[in-house]
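S.K.: Just one file: target.pdb, with PDB, C-alpha atoms and all ligand atoms.
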ATOM      1  CA  MET B   1      -8.700  15.815  11.776  1.00  0.00           C
ATOM      2  CA  ALA B   2      -5.972  17.832  13.517  1.00  0.00           C
ATOM      3  CA  ASN B   3      -2.623  17.602  11.779  1.00  0.00           C
ATOM      4  CA  GLU B   4      -0.773  16.013  14.718  1.00  0.00           C
ATOM      5  CA  ARG B   5      -3.231  13.152  14.742  1.00  0.00           C
ATOM      6  CA  LEU B   6      -3.086  12.790  10.954  1.00  0.00           C
ATOM      7  CA  ILE B   7       0.724  12.744  11.059  1.00  0.00           C
ATOM      8  CA  ARG B   8       0.605   9.951  13.657  1.00  0.00           C
ATOM      9  CA  VAL B   9      -1.785   8.001  11.413  1.00  0.00           C
ATOM     10  CA  PHE B  10       0.724   8.215   8.537  1.00  0.00           C
ATOM     11  CA  ASP B  11       3.779   7.610  10.768  1.00  0.00           C
ATOM     12  CA  LYS B  12       2.231   4.301  11.782  1.00  0.00           C
ATOM     13  CA  GLN B  13       1.810   3.229   8.154  1.00  0.00           C
ATOM     14  CA  ALA B  14       5.365   4.037   7.036  1.00  0.00           C
ATOM     15  CA  LYS B  15       6.579   0.417   7.202  1.00  0.00           C
ATOM     16  CA  ILE B  16       3.641  -0.704   5.055  1.00  0.00           C
ATOM     17  CA  TYR B  17       4.462   2.007   2.481  1.00  0.00           C
ATOM     18  CA  GLU B  18       8.112   0.918   2.464  1.00  0.00           C
ATOM     19  CA  ARG B  19       7.047  -2.661   1.767  1.00  0.00           C
ATOM     20  CA  ARG B  20       4.768  -1.421  -1.009  1.00  0.00           C
ATOM     21  CA  ARG B  21       7.646   0.532  -2.544  1.00  0.00           C
ATOM     22  CA  ARG B  22       9.827  -2.596  -2.552  1.00  0.00           C
ATOM     23  CA  GLN B  23       6.994  -4.608  -4.126  1.00  0.00           C
ATOM     24  CA  ARG B  24       6.600  -1.906  -6.796  1.00  0.00           C
ATOM     25  CA  SER B  25       3.010  -1.445  -5.731  1.00  0.00           C
ATOM     26  CA  GLU B  26       0.784   0.369  -8.249  1.00  0.00           C
ATOM     27  CA  LYS B  27       3.578  -0.172 -10.803  1.00  0.00           C
ATOM     28  CA  LYS B  28       1.079  -0.193 -13.658  1.00  0.00           C
ATOM     29  CA  PHE B  29       0.137   3.430 -12.919  1.00  0.00           C
ATOM     30  CA  ARG B  30       3.456   4.838 -11.709  1.00  0.00           C
ATOM     31  CA  GLU B  31       5.418   3.506 -14.680  1.00  0.00           C
ATOM     32  CA  ARG B  32       3.023   5.245 -17.075  1.00  0.00           C
ATOM     33  CA  LEU B  33       3.266   8.651 -15.400  1.00  0.00           C
ATOM     34  CA  ILE B  34       6.534   9.183 -13.539  1.00  0.00           C
ATOM     35  CA  PRO B  35       8.901   8.732 -16.522  1.00  0.00           C
ATOM     36  CA  PHE B  36       7.431  12.006 -17.891  1.00  0.00           C
ATOM     37  CA  ALA B  37       9.186  13.912 -15.070  1.00  0.00           C
ATOM     38  CA  ARG B  38      12.033  16.166 -16.123  1.00  0.00           C
ATOM     39  CA  GLY B  39      14.351  18.815 -14.712  1.00  0.00           C
ATOM     40  CA  LYS B  40      13.638  20.261 -11.290  1.00  0.00           C
ATOM     41  CA  VAL B  41      10.867  18.145  -9.784  1.00  0.00           C
ATOM     42  CA  LEU B  42       8.683  18.879  -6.764  1.00  0.00           C
ATOM     43  CA  GLU B  43       7.109  15.734  -5.339  1.00  0.00           C
ATOM     44  CA  VAL B  44       4.565  16.549  -2.642  1.00  0.00           C
ATOM     45  CA  ALA B  45       3.574  14.033   0.045  1.00  0.00           C
ATOM     46  CA  VAL B  46       6.338  11.707  -1.084  1.00  0.00           C
ATOM     47  CA  GLY B  47       5.492   8.960   1.422  1.00  0.00           C
ATOM     48  CA  ALA B  48       8.114   6.203   1.447  1.00  0.00           C
ATOM     49  CA  GLY B  49       9.360   7.094  -2.041  1.00  0.00           C
ATOM     50  CA  ALA B  50       7.182   4.749  -4.090  1.00  0.00           C
ATOM     51  CA  ASN B  51       7.796   6.804  -7.243  1.00  0.00           C
ATOM     52  CA  PHE B  52      11.591   6.795  -6.995  1.00  0.00           C
ATOM     53  CA  PRO B  53      12.086   3.543  -8.955  1.00  0.00           C
ATOM     54  CA  PHE B  54      10.296   5.161 -11.914  1.00  0.00           C
ATOM     55  CA  TYR B  55      12.095   8.520 -12.221  1.00  0.00           C
ATOM     56  CA  PRO B  56      14.117   9.029 -15.399  1.00  0.00           C
ATOM     57  CA  LYS B  57      17.817   9.793 -15.068  1.00  0.00           C
ATOM     58  CA  GLY B  58      18.909  13.379 -14.435  1.00  0.00           C
ATOM     59  CA  VAL B  59      15.955  14.736 -12.451  1.00  0.00           C
ATOM     60  CA  GLU B  60      16.555  16.784  -9.291  1.00  0.00           C
ATOM     61  CA  VAL B  61      13.769  15.995  -6.861  1.00  0.00           C
ATOM     62  CA  THR B  62      12.583  18.153  -3.955  1.00  0.00           C
ATOM     63  CA  ALA B  63      10.396  15.879  -1.850  1.00  0.00           C
ATOM     64  CA  VAL B  64       8.021  17.017   0.893  1.00  0.00           C
ATOM     65  CA  ASP B  65       6.154  15.114   3.591  1.00  0.00           C
ATOM     66  CA  PHE B  66       4.937  15.932   7.089  1.00  0.00           C
ATOM     67  CA  SER B  67       5.550  12.403   8.409  1.00  0.00           C
ATOM     68  CA  GLU B  68       9.107  11.911   9.640  1.00  0.00           C
ATOM     69  CA  GLU B  69       8.721   8.127   9.494  1.00  0.00           C
ATOM     70  CA  MET B  70       7.752   8.351   5.816  1.00  0.00           C
ATOM     71  CA  LEU B  71      10.610  10.737   5.035  1.00  0.00           C
ATOM     72  CA  LYS B  72      13.164   8.409   6.654  1.00  0.00           C
ATOM     73  CA  ARG B  73      12.094   5.692   4.258  1.00  0.00           C
ATOM     74  CA  ALA B  74      11.933   8.027   1.270  1.00  0.00           C
ATOM     75  CA  LYS B  75      15.585   9.005   1.897  1.00  0.00           C
ATOM     76  CA  GLU B  76      16.517   5.327   1.897  1.00  0.00           C
ATOM     77  CA  ALA B  77      14.544   4.842  -1.330  1.00  0.00           C
ATOM     78  CA  ALA B  78      16.413   7.725  -3.010  1.00  0.00           C
ATOM     79  CA  ARG B  79      19.765   6.155  -2.034  1.00  0.00           C
ATOM     80  CA  GLU B  80      18.750   2.697  -3.230  1.00  0.00           C
ATOM     81  CA  GLU B  81      17.263   3.923  -6.505  1.00  0.00           C
ATOM     82  CA  GLY B  82      20.034   6.446  -7.255  1.00  0.00           C
ATOM     83  CA  VAL B  83      17.699   9.457  -7.349  1.00  0.00           C
ATOM     84  CA  SER B  84      19.144  12.881  -6.552  1.00  0.00           C
ATOM     85  CA  ALA B  85      16.749  14.296  -3.961  1.00  0.00           C
ATOM     86  CA  THR B  86      16.477  16.821  -1.172  1.00  0.00           C
ATOM     87  CA  PHE B  87      13.830  16.471   1.504  1.00  0.00           C
ATOM     88  CA  ILE B  88      11.626  18.945   3.312  1.00  0.00           C
ATOM     89  CA  HIS B  89       9.828  17.962   6.493  1.00  0.00           C
ATOM     90  CA  SER B  90       6.716  20.125   6.402  1.00  0.00           C
ATOM     91  CA  ASP B  91       3.005  20.354   5.908  1.00  0.00           C
ATOM     92  CA  VAL B  92       2.888  21.059   2.172  1.00  0.00           C
ATOM     93  CA  GLU B  93      -0.382  22.981   2.570  1.00  0.00           C
ATOM     94  CA  THR B  94       1.437  25.669   4.563  1.00  0.00           C
ATOM     95  CA  LEU B  95       4.659  25.624   2.550  1.00  0.00           C
ATOM     96  CA  SER B  96       5.621  28.175  -0.058  1.00  0.00           C
ATOM     97  CA  PHE B  97       8.111  28.216  -2.917  1.00  0.00           C
ATOM     98  CA  PRO B  98       8.974  31.078  -5.252  1.00  0.00           C
ATOM     99  CA  ASP B  99       6.633  31.158  -8.259  1.00  0.00           C
ATOM    100  CA  GLN B 100       7.730  29.109 -11.283  1.00  0.00           C
ATOM    101  CA  SER B 101      10.384  27.116  -9.380  1.00  0.00           C
ATOM    102  CA  PHE B 102       9.817  23.665 -10.873  1.00  0.00           C
ATOM    103  CA  ASP B 103       9.735  21.993 -14.291  1.00  0.00           C
ATOM    104  CA  THR B 104       7.546  19.197 -12.952  1.00  0.00           C
ATOM    105  CA  VAL B 105       5.190  18.970  -9.986  1.00  0.00           C
ATOM    106  CA  ILE B 106       4.121  15.470  -8.964  1.00  0.00           C
ATOM    107  CA  SER B 107       1.418  14.267  -6.619  1.00  0.00           C
ATOM    108  CA  THR B 108       0.522  10.614  -6.259  1.00  0.00           C
ATOM    109  CA  LEU B 109      -2.251   9.515  -3.912  1.00  0.00           C
ATOM    110  CA  SER B 110      -2.126  12.731  -1.914  1.00  0.00           C
ATOM    111  CA  MET B 111      -5.149  14.826  -3.003  1.00  0.00           C
ATOM    112  CA  CYS B 112      -7.315  12.528  -0.876  1.00  0.00           C
ATOM    113  CA  GLY B 113      -5.643  13.827   2.280  1.00  0.00           C
ATOM    114  CA  TYR B 114      -5.478  17.621   2.079  1.00  0.00           C
ATOM    115  CA  GLU B 115      -7.794  19.989   3.911  1.00  0.00           C
ATOM    116  CA  ASN B 116      -8.132  22.052   0.742  1.00  0.00           C
ATOM    117  CA  PRO B 117      -7.165  20.131  -2.414  1.00  0.00           C
ATOM    118  CA  ILE B 118      -8.190  22.924  -4.817  1.00  0.00           C
ATOM    119  CA  LYS B 119      -5.915  25.413  -3.058  1.00  0.00           C
ATOM    120  CA  MET B 120      -3.123  22.812  -3.196  1.00  0.00           C
ATOM    121  CA  LEU B 121      -3.558  22.432  -6.963  1.00  0.00           C
ATOM    122  CA  ASP B 122      -3.546  26.220  -7.317  1.00  0.00           C
ATOM    123  CA  SER B 123      -0.186  26.237  -5.506  1.00  0.00           C
ATOM    124  CA  PHE B 124       1.132  23.602  -7.941  1.00  0.00           C
ATOM    125  CA  SER B 125       0.119  25.915 -10.750  1.00  0.00           C
ATOM    126  CA  LYS B 126       2.052  28.811  -9.204  1.00  0.00           C
ATOM    127  CA  TRP B 127       5.162  26.769  -8.371  1.00  0.00           C
ATOM    128  CA  CYS B 128       5.327  25.173 -11.830  1.00  0.00           C
ATOM    129  CA  LYS B 129       7.118  26.939 -14.692  1.00  0.00           C
ATOM    130  CA  PRO B 130       4.739  28.115 -17.464  1.00  0.00           C
ATOM    131  CA  ASP B 131       6.108  25.476 -19.840  1.00  0.00           C
ATOM    132  CA  GLY B 132       6.283  22.870 -17.078  1.00  0.00           C
ATOM    133  CA  GLN B 133       3.982  19.970 -16.291  1.00  0.00           C
ATOM    134  CA  ILE B 134       1.856  18.759 -13.405  1.00  0.00           C
ATOM    135  CA  LEU B 135       1.538  14.987 -13.093  1.00  0.00           C
ATOM    136  CA  LEU B 136      -1.121  13.410 -10.905  1.00  0.00           C
ATOM    137  CA  PHE B 137      -2.035   9.844  -9.957  1.00  0.00           C
ATOM    138  CA  GLU B 138      -5.031  10.139  -7.656  1.00  0.00           C
ATOM    139  CA  HIS B 139      -8.003   8.172  -6.428  1.00  0.00           C
ATOM    140  CA  GLY B 140     -11.538   9.284  -5.669  1.00  0.00           C
ATOM    141  CA  ILE B 141     -15.193   8.384  -5.935  1.00  0.00           C
ATOM    142  CA  SER B 142     -16.024   5.782  -8.558  1.00  0.00           C
ATOM    143  CA  SER B 143     -18.166   6.561 -11.582  1.00  0.00           C
ATOM    144  CA  ASN B 144     -20.016   3.330 -10.688  1.00  0.00           C
ATOM    145  CA  ARG B 145     -22.927   4.335  -8.424  1.00  0.00           C
ATOM    146  CA  LEU B 146     -22.839   1.237  -6.216  1.00  0.00           C
ATOM    147  CA  LEU B 147     -19.076   1.483  -5.653  1.00  0.00           C
ATOM    148  CA  GLY B 148     -19.414   5.220  -5.009  1.00  0.00           C
ATOM    149  CA  TYR B 149     -22.122   4.524  -2.417  1.00  0.00           C
ATOM    150  CA  ILE B 150     -19.879   1.974  -0.643  1.00  0.00           C
ATOM    151  CA  GLN B 151     -16.939   4.425  -0.741  1.00  0.00           C
ATOM    152  CA  THR B 152     -19.111   7.109   0.847  1.00  0.00           C
ATOM    153  CA  LEU B 153     -20.235   4.694   3.582  1.00  0.00           C
ATOM    154  CA  LEU B 154     -16.625   3.728   4.339  1.00  0.00           C
ATOM    155  CA  ASN B 155     -15.290   7.279   4.128  1.00  0.00           C
ATOM    156  CA  PRO B 156     -15.449   8.342   7.813  1.00  0.00           C
ATOM    157  CA  LEU B 157     -13.706   5.165   8.993  1.00  0.00           C
ATOM    158  CA  ASN B 158     -11.090   5.320   6.249  1.00  0.00           C
ATOM    159  CA  ARG B 159     -10.275   8.961   7.026  1.00  0.00           C
ATOM    160  CA  LYS B 160      -9.810   8.056  10.691  1.00  0.00           C
ATOM    161  CA  VAL B 161      -7.754   4.887  10.251  1.00  0.00           C
ATOM    162  CA  VAL B 162      -5.877   5.395   6.945  1.00  0.00           C
ATOM    163  CA  GLY B 163      -5.871   9.201   6.778  1.00  0.00           C
ATOM    164  CA  CYS B 164      -7.494   9.753   3.422  1.00  0.00           C
ATOM    165  CA  HIS B 165     -10.914  10.510   1.950  1.00  0.00           C
ATOM    166  CA  LEU B 166     -12.297   7.804  -0.335  1.00  0.00           C
ATOM    167  CA  ASN B 167     -15.086   9.736  -1.986  1.00  0.00           C
ATOM    168  CA  ARG B 168     -13.659  12.991  -3.308  1.00  0.00           C
ATOM    169  CA  ASP B 169     -14.666  13.825  -6.868  1.00  0.00           C
ATOM    170  CA  MET B 170     -11.142  14.239  -8.197  1.00  0.00           C
ATOM    171  CA  VAL B 171     -12.036  15.272 -11.723  1.00  0.00           C
ATOM    172  CA  HIS B 172     -14.377  17.986 -10.420  1.00  0.00           C
ATOM    173  CA  ILE B 173     -11.709  19.187  -7.971  1.00  0.00           C
ATOM    174  CA  ILE B 174      -9.074  19.389 -10.705  1.00  0.00           C
ATOM    175  CA  LYS B 175     -11.452  21.217 -13.051  1.00  0.00           C
ATOM    176  CA  GLN B 176     -12.140  23.856 -10.368  1.00  0.00           C
ATOM    177  CA  SER B 177      -8.420  24.562  -9.923  1.00  0.00           C
ATOM    178  CA  ASN B 178      -5.875  26.612 -11.852  1.00  0.00           C
ATOM    179  CA  ILE B 179      -4.455  23.673 -13.726  1.00  0.00           C
ATOM    180  CA  GLU B 180      -5.393  22.636 -17.226  1.00  0.00           C
ATOM    181  CA  ILE B 181      -5.774  18.963 -18.017  1.00  0.00           C
ATOM    182  CA  GLU B 182      -3.936  17.947 -21.198  1.00  0.00           C
ATOM    183  CA  LYS B 183      -4.629  14.248 -20.890  1.00  0.00           C
ATOM    184  CA  ILE B 184      -6.503  12.124 -18.382  1.00  0.00           C
ATOM    185  CA  ASP B 185      -6.884   8.345 -18.080  1.00  0.00           C
ATOM    186  CA  HIS B 186      -9.478   6.723 -15.842  1.00  0.00           C
ATOM    187  CA  HIS B 187      -9.019   3.271 -14.322  1.00  0.00           C
ATOM    188  CA  LEU B 188     -10.679   0.853 -11.896  1.00  0.00           C
ATOM    189  CA  PHE B 189     -14.314   1.911 -12.455  1.00  0.00           C
ATOM    190  CA  GLY B 190     -13.356   5.572 -12.474  1.00  0.00           C
ATOM    191  CA  MET B 191     -11.738   5.405  -9.033  1.00  0.00           C
ATOM    192  CA  VAL B 192      -8.197   6.081 -10.275  1.00  0.00           C
ATOM    193  CA  HIS B 193      -7.063   8.921 -12.518  1.00  0.00           C
ATOM    194  CA  LEU B 194      -3.750   9.582 -14.245  1.00  0.00           C
ATOM    195  CA  VAL B 195      -3.434  13.234 -15.220  1.00  0.00           C
ATOM    196  CA  TRP B 196      -0.992  15.129 -17.406  1.00  0.00           C
ATOM    197  CA  ALA B 197      -1.630  18.844 -16.844  1.00  0.00           C
ATOM    198  CA  LYS B 198      -0.094  22.286 -17.125  1.00  0.00           C
ATOM    199  CA  PRO B 199      -0.383  25.506 -15.121  1.00  0.00           C
ATOM    200  CA  ILE B 200      -2.913  28.105 -16.226  1.00  0.00           C
TER     201      ILE B 200
HETATM  202  C1  LIG V 301      -1.471   7.908   0.773  1.00  0.00           C
HETATM  203  S1  LIG V 301       0.185   8.389   1.138  1.00  0.00           S
HETATM  204  C2  LIG V 301       0.903   8.472  -0.488  1.00  0.00           C
HETATM  205  C3  LIG V 301       2.409   8.452  -0.471  1.00  0.00           C
HETATM  206  C4  LIG V 301       3.083   8.512  -1.838  1.00  0.00           C
HETATM  207  N1  LIG V 301       2.815   9.755  -2.518  1.00  0.00           N
HETATM  208  C5  LIG V 301       2.704   7.344  -2.701  1.00  0.00           C
HETATM  209  O1  LIG V 301       2.306   7.556  -3.853  1.00  0.00           O
HETATM  210  O2  LIG V 301       2.833   6.191  -2.238  1.00  0.00           O
HETATM  211  C6  LIG V 301      -0.040  10.077   1.586  1.00  0.00           C
HETATM  212  C7  LIG V 301       1.233  10.759   2.056  1.00  0.00           C
HETATM  213  O3  LIG V 301       0.957  12.143   2.135  1.00  0.00           O
HETATM  214  C8  LIG V 301       1.534  12.669   3.298  1.00  0.00           C
HETATM  215  N2  LIG V 301       0.758  13.881   3.593  1.00  0.00           N
HETATM  216  C9  LIG V 301      -0.588  13.975   3.723  1.00  0.00           C
HETATM  217  N3  LIG V 301      -0.961  15.249   3.928  1.00  0.00           N
HETATM  218  C10 LIG V 301       0.188  15.982   3.918  1.00  0.00           C
HETATM  219  C11 LIG V 301       0.464  17.363   4.072  1.00  0.00           C
HETATM  220  N4  LIG V 301      -0.523  18.247   4.283  1.00  0.00           N
HETATM  221  N5  LIG V 301       1.741  17.785   3.995  1.00  0.00           N
HETATM  222  C12 LIG V 301       2.746  16.887   3.780  1.00  0.00           C
HETATM  223  N6  LIG V 301       2.550  15.563   3.640  1.00  0.00           N
HETATM  224  C13 LIG V 301       1.279  15.119   3.697  1.00  0.00           C
HETATM  225  C14 LIG V 301       1.444  11.547   4.313  1.00  0.00           C
HETATM  226  O4  LIG V 301       2.358  11.674   5.368  1.00  0.00           O
HETATM  227  C15 LIG V 301       1.735  10.334   3.435  1.00  0.00           C
HETATM  228  O5  LIG V 301       3.113  10.097   3.357  1.00  0.00           O
END
Since I need it in another form, could you write the structure as C-alpha cells?

M.R.:
Amino acid sequence: MANERLIRVFDKQAKIYERRRRQRSEKKFRERLIPFARGKVLEVAVGAGANFPFYPKGVEVTAVDFSEEMLKRAKEAAREEGVSATFIHSDVETLSFPDQSFDTVISTLSMCGYENPIKMLDSFSKWCKPDGQILLFEHGISSNRLLGYIQTLLNPLNRKVVGCHLNRDMVHIIKQSNIEIEKIDHHLFGMVHLVWAKPI
C-alpha cells in the first residue's frame, strides 16, 4: 500500500486511538513493559500516545509518527500525562539517527505495519546504545493453527481497512534481526508478544 494511502488510513483512526489511550487500552501489557524505559527514549509509531501514562518519571521521549492526526493527539497525551517529549513527523522507515543515540527504543503495535520490519529492527539496534534496551509489544500470527488460519484469511482486508498485517510471524522476524531477545512473554494464544531485548 502506498504510504499516502496508509497515512490516510491511520489519520482516520486517530480519534479511536485517543479514546483507547484514555481508556488505558491494553493496560495489562503496557504497564508490564513501558515502566522499564529509562533515559533518552525513542518511541517509533507513537500513535495517540497510548504508552505515555506508563512512562516512569525522568525519561526524555523522542516520538515519531507519519500521521499528523495521531501526532496531534500524542502531543496532547504528553501534556496531560506530564511526559517530556519531542515529536518528529516522518516515516520512521526512512528516518535516520546517529548510531547509539538512545538508552531505550520502544515499539508497540507497529511491526505489523512496516514494509520491512527486519530492517526496522536492525535500525533500532543501531540507534540503541550498546548497554541500552529495546522494548517491544507486538502482535502477529497465533500459535493456534485455527486462529492463524482465520488471521491469514482476514489479512488482506485488515491491511486495507486498519493498516496492519495480522499474520506476521513476529518471533521469526525478531530472530532474523540484529536484536537479541533477553526475555519474551507470549499472550492470547501466541498472538501477542512482550519482548525485552538488546542490540547485537
Ligand atoms: C497500530 S498503531 C499503534 C500506535 C501506538 N504505538 C500504540 O501502541 O497504540 C500504528 C501507528 O504506527 C504509525 N505508523 C505506521 N507505519 C509508520 C511509519 N512507517 N512511520 C511512522 N509511523 C508509522 C501509524 O500512523 C499509527 O499511528

S.K.: Can you pull out every residue within 8 Å of segment 10-23 of chain B, counting all atoms listed in the file, but drop anything in the same chain fewer than 4 positions away, and send it as a PDB file with C-alpha atoms, keeping the file's coordinate frame?

M.R.:
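Just written: around-v4.pdb:
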ATOM      1  CA  LEU B   6      -3.086  12.790  10.954  1.00  0.00           C
ATOM      2  CA  GLY B  47       5.492   8.960   1.422  1.00  0.00           C
ATOM      3  CA  ALA B  48       8.114   6.203   1.447  1.00  0.00           C
ATOM      4  CA  GLY B  49       9.360   7.094  -2.041  1.00  0.00           C
ATOM      5  CA  ALA B  50       7.182   4.749  -4.090  1.00  0.00           C
ATOM      6  CA  ASN B  51       7.796   6.804  -7.243  1.00  0.00           C
ATOM      7  CA  SER B  67       5.550  12.403   8.409  1.00  0.00           C
ATOM      8  CA  GLU B  68       9.107  11.911   9.640  1.00  0.00           C
ATOM      9  CA  GLU B  69       8.721   8.127   9.494  1.00  0.00           C
ATOM     10  CA  MET B  70       7.752   8.351   5.816  1.00  0.00           C
ATOM     11  CA  ARG B  73      12.094   5.692   4.258  1.00  0.00           C
ATOM     12  CA  VAL B 162      -5.877   5.395   6.945  1.00  0.00           C
ATOM     13  CA  GLY B 163      -5.871   9.201   6.778  1.00  0.00           C
TER      14      GLY B 163
END

S.K.: Step by step, work through what the PyMOL selection byres (((chain B and resi 26-41) around 6) and not hetatm) selects in the shown file, and finish by giving those residues as a PyMOL selection string.

M.R.: chain B and resi 24-25+42+54-56+59-61+102-105

S.K.: Could you list, as a short mmCIF file (atom, residue, chain, number, x, y, z; two decimals) with C-alpha atoms, keeping the file's coordinate frame, every residue matched by the PyMOL selection byres (((chain B and resi 110) around 9) and not hetatm) in this structure?

M.R.:
data_model
loop_
_atom_site.label_atom_id
_atom_site.label_comp_id
_atom_site.auth_asym_id
_atom_site.auth_seq_id
_atom_site.Cartn_x
_atom_site.Cartn_y
_atom_site.Cartn_z
CA VAL B 44 4.57 16.55 -2.64
CA ALA B 45 3.57 14.03 0.04
CA VAL B 46 6.34 11.71 -1.08
CA SER B 107 1.42 14.27 -6.62
CA THR B 108 0.52 10.61 -6.26
CA LEU B 109 -2.25 9.52 -3.91
CA MET B 111 -5.15 14.83 -3.00
CA CYS B 112 -7.32 12.53 -0.88
CA GLY B 113 -5.64 13.83 2.28
CA TYR B 114 -5.48 17.62 2.08
CA PRO B 117 -7.16 20.13 -2.41
CA PHE B 137 -2.04 9.84 -9.96
CA GLU B 138 -5.03 10.14 -7.66
CA HIS B 139 -8.00 8.17 -6.43
CA CYS B 164 -7.49 9.75 3.42
#

S.K.: Find the spatial neighbours of Gln151 of chain B, counting only C-alpha atoms, within a cut-off of 12 Å - ignore same-chain residues fewer than 4 positions away - and output them as a PyMOL selection string.

M.R.: chain B and resi 139-147+155-159+164-169+191

S.K.: Need to verify the contact set: Ile88 of chain B, 9 Å, all atoms listed in the file, exclusion of same-chain residues closer than 4 positions in sequence. Can you return it as a VMD selection string?

M.R.: chain B and resid 62 to 66 71

S.K.: Step by step, gather every atom of ligand LIG 301 (chain V) that the file lists, find the box along x, y and z that holds them, add 3 Å on each side, and finally give centre and edge lengths in Å to one decimal, as lines of an AutoDock Vina configuration file.

M.R.:
center_x = 0.8
center_y = 12.2
center_z = 0.8
size_x = 10.6
size_y = 18.1
size_z = 15.2

S.K.: Which residues, written as a list in words, have at least one atom at most 6 Å from Ile106 of chain B, with all atoms listed in the file counted and residues fewer than 2 positions away on the same chain left out?

M.R.: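 My reading of the contact set: Glu43, Ile134, Leu135 and Leu136 of chain B.
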
S.K.: In Å, rounded to a single decimal, give me how far atom CA of Val161 of chain B is from atom CA of Ile7 of chain B.

M.R.: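 Straight-line distance from atom CA of Ile7 of chain B to atom CA of Val161 of chain B works out to 11.6 Å.
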
S.K.: For ligand LIG 301 (chain V), which residue among B:Arg79, B:Lys57, B:Glu115, B:Pro98 is the nearest when counting all atoms listed in the file?

M.R.: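 Looking at the shortest contact to ligand LIG 301 (chain V), the residue is B:Glu115.
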
S.K.: How far is it from atom CA of Cys128 of chain B to atom CA of Asn178 of chain B, in Å with one decimal?

M.R.: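 Separating atom CA of Cys128 of chain B from atom CA of Asn178 of chain B is a distance of 11.3 Å.
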
S.K.: In Å to one decimal, how far is atom CA of Lys119 of chain B from atom CA of Glu93 of chain B?

M.R.: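 Value for the atom CA of Glu93 of chain B-atom CA of Lys119 of chain B distance: 8.3 Å.
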
S.K.: Quick one: of B:Ser96, B:Thr152, B:Gln133, B:Ser84, who's nearest to ligand LIG 301 (chain V), counting only C-alpha atoms and all ligand atoms?

M.R.: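 Of B:Ser96, B:Thr152, B:Gln133, B:Ser84, the one nearest ligand LIG 301 (chain V), counting only C-alpha atoms and all ligand atoms, is B:Ser96.
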
S.K.: Expand the PyMOL selection byres (((chain B and resi 180-187) around 7) and not hetatm) into the explicit residue set it covers here, and present it as a PyMOL selection string.

M.R.: chain B and resi 178-179+188-200

S.K.: With only C-alpha atoms as the atoms that count, which of B:Glu81, B:Leu153, B:Trp127, B:Lys160 lies nearest to Asn3 of chain B?

M.R.: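 Once distances to Asn3 of chain B are computed over only C-alpha atoms, the minimum belongs to B:Lys160.
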